[in-house]
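Following: one structure in structure tokens, then a few remarks.
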Amino acid sequence: MNRILIILTTSLILFSMNTQAQKRAMTADDLLDMVQLRGAKISPDGSQIIYTKSTLDWKGNKRQSHIHSIDPDGKDDYKFLGGKSNSDIKFSPDGKYISLRRTIEKKSQIFLMRTSGGEAIQFSKHASGIRSYQWAPDSKSIIFSANKEKSKEAQKEKKEGYDHVVVDEGPNGQRASEWVHLFSIDIEKKKEKALLKEDRLIGQFVISPDGKKIAFTSRFENRRNHGNKSEIYLYTLADSSVKKLTDNNAPEGSLAWSPDGQQISFMTGDTKEWELKNAKIWSLDLNSNRVFNLTGNFQGNIRGYYWSSDSKSIYFTGLQKTNSHVFKLDPRSREFIQVSKGEGMWRIMDVDKERNAMVLSYQDAQTPPDLYFSRVLDFHPRKLTDLNPWIKKDIQLAEMEVVQWNSQDGTEIEGLMFKPAEMKSGEKAPFLLHIHGGPAGVFTNSFSPRYHIYAGLGYVQLAPNVRGSSGYTDELLRGNMEDIGGGDYEDLMTGVDKLIADGLVDENKMAVRGWSYGGILGGTVVTKTSRFKAASLGAMVSDWTSEYGIGFNYDVRLWYIGGTPWSNPEGYRQKSALTHVSKVSTPVILFHGERDFTDTEPQSMMFFAALKDLGKEVRYLKFPREPHGFREPRHVRTLYVEEIKWIQKHTLGKEWEPWKRKKDKETKKEAKEKKSE
């Protein structure tokens with residue numbers, strides 16, 4: 001009997017070893033080949049779910065969106081729409097139609113089709129195109145926002161070459177723009193009607209449950225970094241009257257009506273000033289005109305919410321530390337309970353008309369996002385899709401662990417630590433430090449191929465949520481006010497020290513990388529220490545004074561440095577990596593998109609030029625057409641390949657041979673074979 005047991009045990013071990021051996025390291029091509037879940041909507045009666053997924057079109061150097069329909073039980077999953085640039089899909093409240101936006105002659109228009117299927121027929125023909133839209137509750141009309149059309153004379157002058165931009169005048173910001181108005185269009189007659197006569201910029205709008213009023217945000221100037229100038233207004237359709245509901249220095253967003261029509265809810269950190277705080281849900285009582293904080297003592301970051309049909313509850317997605325969950329809130333008592341369980345990232349994507357059912361997404365560090373369905377009062381999520389089954393079957397994924405440590409001043413910091421799956425106990429590995437964007441970004445327990453790619457290359461990695469990260473307390477979020485590059489830098493270094501002390505990291509083989517704020521703080525890192533052998537900095541700001549006004553930097557003026565280049569010149573100078581560039585000894589590779597208007601491209605060029613003039617080891621890759629986040633698949637692949645080559649060369653002293661991209665025919669053949677399995 002013992003002999004049989006030994007044979008069975010040995011067989012199981014060998015089977016497990018063979019299974020592991022069959023798996024391979026993840027590549028940038030795997031990242032590109034993954035099917036991405038983009039969005040989902042549930043029909044008013046909860047019987048049908050429409051979801052969007054995107055797949056790689058390598059030949060066209062883009063991603064293609066495909067609309068699928070699926071039942072709440074996970075059956076009857078079929079391609080509903082495809083081949084077109086469909087977006088912003090909605091069900092009509094009566095469930096008869098599905099609406100969407102599609103680009104025709106460079107202008108976005110609304111298309112309608114029957115819920116049962118068929119062809120999508122163009123519905124709107126607005127001259128300037130549709131920006132956003134919403135169905136009226138009775139399904140008899142659609143309200144939409146659109147740019148005010150230029151006069152024929154202005155259009156003629158522009159064609160003749162009079163296309164100069166008067167910056168920050170009228171609807172213009174740094175680039176030419178137009179006023180945004182609200183319109184209604186009748187479903188049967190297709191007749192358009194302008195609702196607002198006063199020129200303004202409309203942001204978000206929501207229609208009241210009885211269809212008689214519209215709450216919207218708007219402002220009367222388009223200057224950059226002035227989002228707090230927007231206020232909430234109330235439009236009454238019967239008499240076209242407009243009432244201003246808020247008057248403060250705070251930016252309001254995520255508007256919603258309570259189903260009883262008595263409250264307008266919105267999200268902001270504070271209702272008086274533009275404060276650095278995690279966003280809360282507030283309500284404006286239309287009877288008393290008083291504003292209330294509904295979320296009470298919830299600590300974390302709220303990412304979308306829905307009222308219950310009786311207006312007595314609010315369901316929201318809340319991020320706390322590295323996990324996000326579904327919460328139920330009582331807006332009267334301000335008390336809340338956590339509905340979803342476990343670890344990972346739950347997110348409510350949509351709810352049905354009566355708030356009886358919801359469609360959600362779930363992912364964690366080792367599980368790509370998929371679609372789920374659950375009843376609201378009986379929360380038991382049912383998995384509907386399996387978009388990337390080959391990930392866990394074929395790929396050797398990194399092991400993730402949440403770790404904590406105390407920073408130099410005693411502040412407790414948390415981060416995600418990733419290890420190669422085959423790493424042995426007592427073994428030291430090369431190390432990569434990730435720095436997130438923001439500064440109010442956060443590393444979460446979600447699926448990011450980058451970690452698995454670098455784990456496959458043998459790296460232990462740390463992704464720290466330094467002070468300034470969202471999803472924790474307001475105190476931690478505000479921890480780097482007027483101290484960017486100070487305490488947050490120490491949070492990074494003490495985290496690195498912890499992993500070295502734990503015996504996981506070869507401190508002679510360490511690299512650092514980051515994008516946006518990650519590139520900014522990474523720039524500070526290489527001016528303060530020489531302990532890293534390689535650095536990859538993307539979309540950075542190297543000089544705060546020259547970025548003032550042209551970049552997305554209201555947060556720098558209000559919080560992270562404070563003041564302006566003329567009122568606080570030394571602060572702006574000392575917080576800029578360019579000021580200290582002569583201290584850099586780490587080989588640096590830089591990446592930036594030419595159409596990045598968040599952190600402008602010359603910022604990387606200046607840092608590159610300075611390092612080059614100083615005779616430092618540096619390389620700069622500038623990408624045409626790309627904004628702050630890269631879109632073109634070939635650019636994304638190039639970024640990964642060049643970053644890895646640089647880090648491998650300078651951290652490990654090896655010339656790394658990049659993966660070879662398979663031909664389209666081979667990829668399609670493999671996909672067909674996997675599907676048949």
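In the structure tokens, the first chain shown is A, the next is B, and so on; residue numbers restart at 1 for each chain, and ligands run from 1 in the order shown.
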Near Leu462 (chain A), counting only C-alpha atoms, which residues have an atom at most 7 Å away, once you skip same-chain residues fewer than 2 positions from it, shown as number ranges by chain?
-> A: 415-418, 432-434, 464
Restrict the selected residues to N, CA and C atoms and save them as a tab-separated table (two decimals), in the first residue's frame.
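The resulting result_25.tsv:
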chain	number	residue	atom	x	y	z
A	415	GLY	N	3.34	48.22	-0.61
A	415	GLY	CA	3.63	48.04	-2.03
A	415	GLY	C	3.41	46.61	-2.46
A	416	LEU	N	3.50	46.40	-3.76
A	416	LEU	CA	3.38	45.06	-4.33
A	416	LEU	C	4.77	44.55	-4.67
A	417	MET	N	5.08	43.34	-4.23
A	417	MET	CA	6.36	42.73	-4.52
A	417	MET	C	6.14	41.52	-5.42
A	418	PHE	N	6.86	41.47	-6.53
A	418	PHE	CA	6.73	40.38	-7.50
A	418	PHE	C	8.03	39.59	-7.56
A	432	LEU	N	14.10	45.37	-10.01
A	432	LEU	CA	13.53	46.50	-10.75
A	432	LEU	C	12.53	47.23	-9.86
A	433	LEU	N	12.73	48.53	-9.70
A	433	LEU	CA	11.83	49.39	-8.93
A	433	LEU	C	10.89	50.11	-9.88
A	434	HIS	N	9.56	49.94	-9.68
A	434	HIS	CA	8.55	50.65	-10.46
A	434	HIS	C	8.07	51.87	-9.67
A	464	PRO	N	5.90	50.39	-5.13
A	464	PRO	CA	5.49	51.00	-3.87
A	464	PRO	C	4.39	52.05	-4.03
For Gly438 (chain A), list every protein, DNA or RNA residue within 8 Å, evaluated using only C-alpha atoms, and leave out those in the same chain fewer than 2 positions away; present the list as a ChimeraX atom specification.
-> /A:436,440-442,469,516-518
Shell of 8 Å around region 59-73 of chain A, only C-alpha atoms, local chain residues under 6 positions omitted, as a list in words =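 Counting only the stated atoms, we get Gly46, Ser47, Gln48, Ile49, Ile50, Tyr51, Thr52, Lys53, Lys79, Phe80, Leu81, Gly82, Gly83, Lys84, Ser85, Asn86, Phe373, Arg382, Leu384, Arg631, Glu632, Pro633, Arg634 and Asp664 of chain A.
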Which neighbours of Gly344 (chain A) fall inside 10 Å, counting only C-alpha atoms, when residues of the same chain fewer than 4 positions from it are skipped, and could you give them as an MDAnalysis selection string?
-> chainID A and resid 322:325 362:367 444:447
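In this comparison, which uses only C-alpha atoms, the residue of A:Leu237, A:Ile337, A:Met493, A:Leu255 approaching Phe205 (chain A) most closely is A:Leu255.
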Could you write out, as a ChimeraX atom specification, all the residues of region 358-408 of chain A that DSSP marks as helix (DSSP H, G or I)?
-> /A:390-394
Tell me which of A:Val641, A:Leu196, A:Leu611, A:Ile202 sits closest to Ser132 (chain A), counting only C-alpha atoms.
->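 Answer, going by the shortest atom-to-atom distance: A:Ile202.
Residues in contact with Ser92 (chain A) at up to 9 Å, not including ones fewer than 5 positions away on its chain and judged by only C-alpha atoms, are Ser43, Pro44, Tyr97, Ile98, Ser99, Gln134, Trp135, Ala136, Pro137, Asp138 and Ser139 of chain A.
Note that CA of Asn228 (chain A) and CA of Gly514 (chain A) are 28.6 Å apart.
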Selected residue of minimal separation from Leu294 (chain A) among A:Arg114, A:Lys125, A:Lys328, A:Lys575, counting only C-alpha atoms |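 Among the listed residues, A:Lys328 lies closest to Leu294 (chain A).
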CA of Asn480 (chain A) to CA of Phe607 (chain A): how many Å, to one decimal?
->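 If I compute the distance from CA of Asn480 (chain A) to CA of Phe607 (chain A), I get 23.5 Å.
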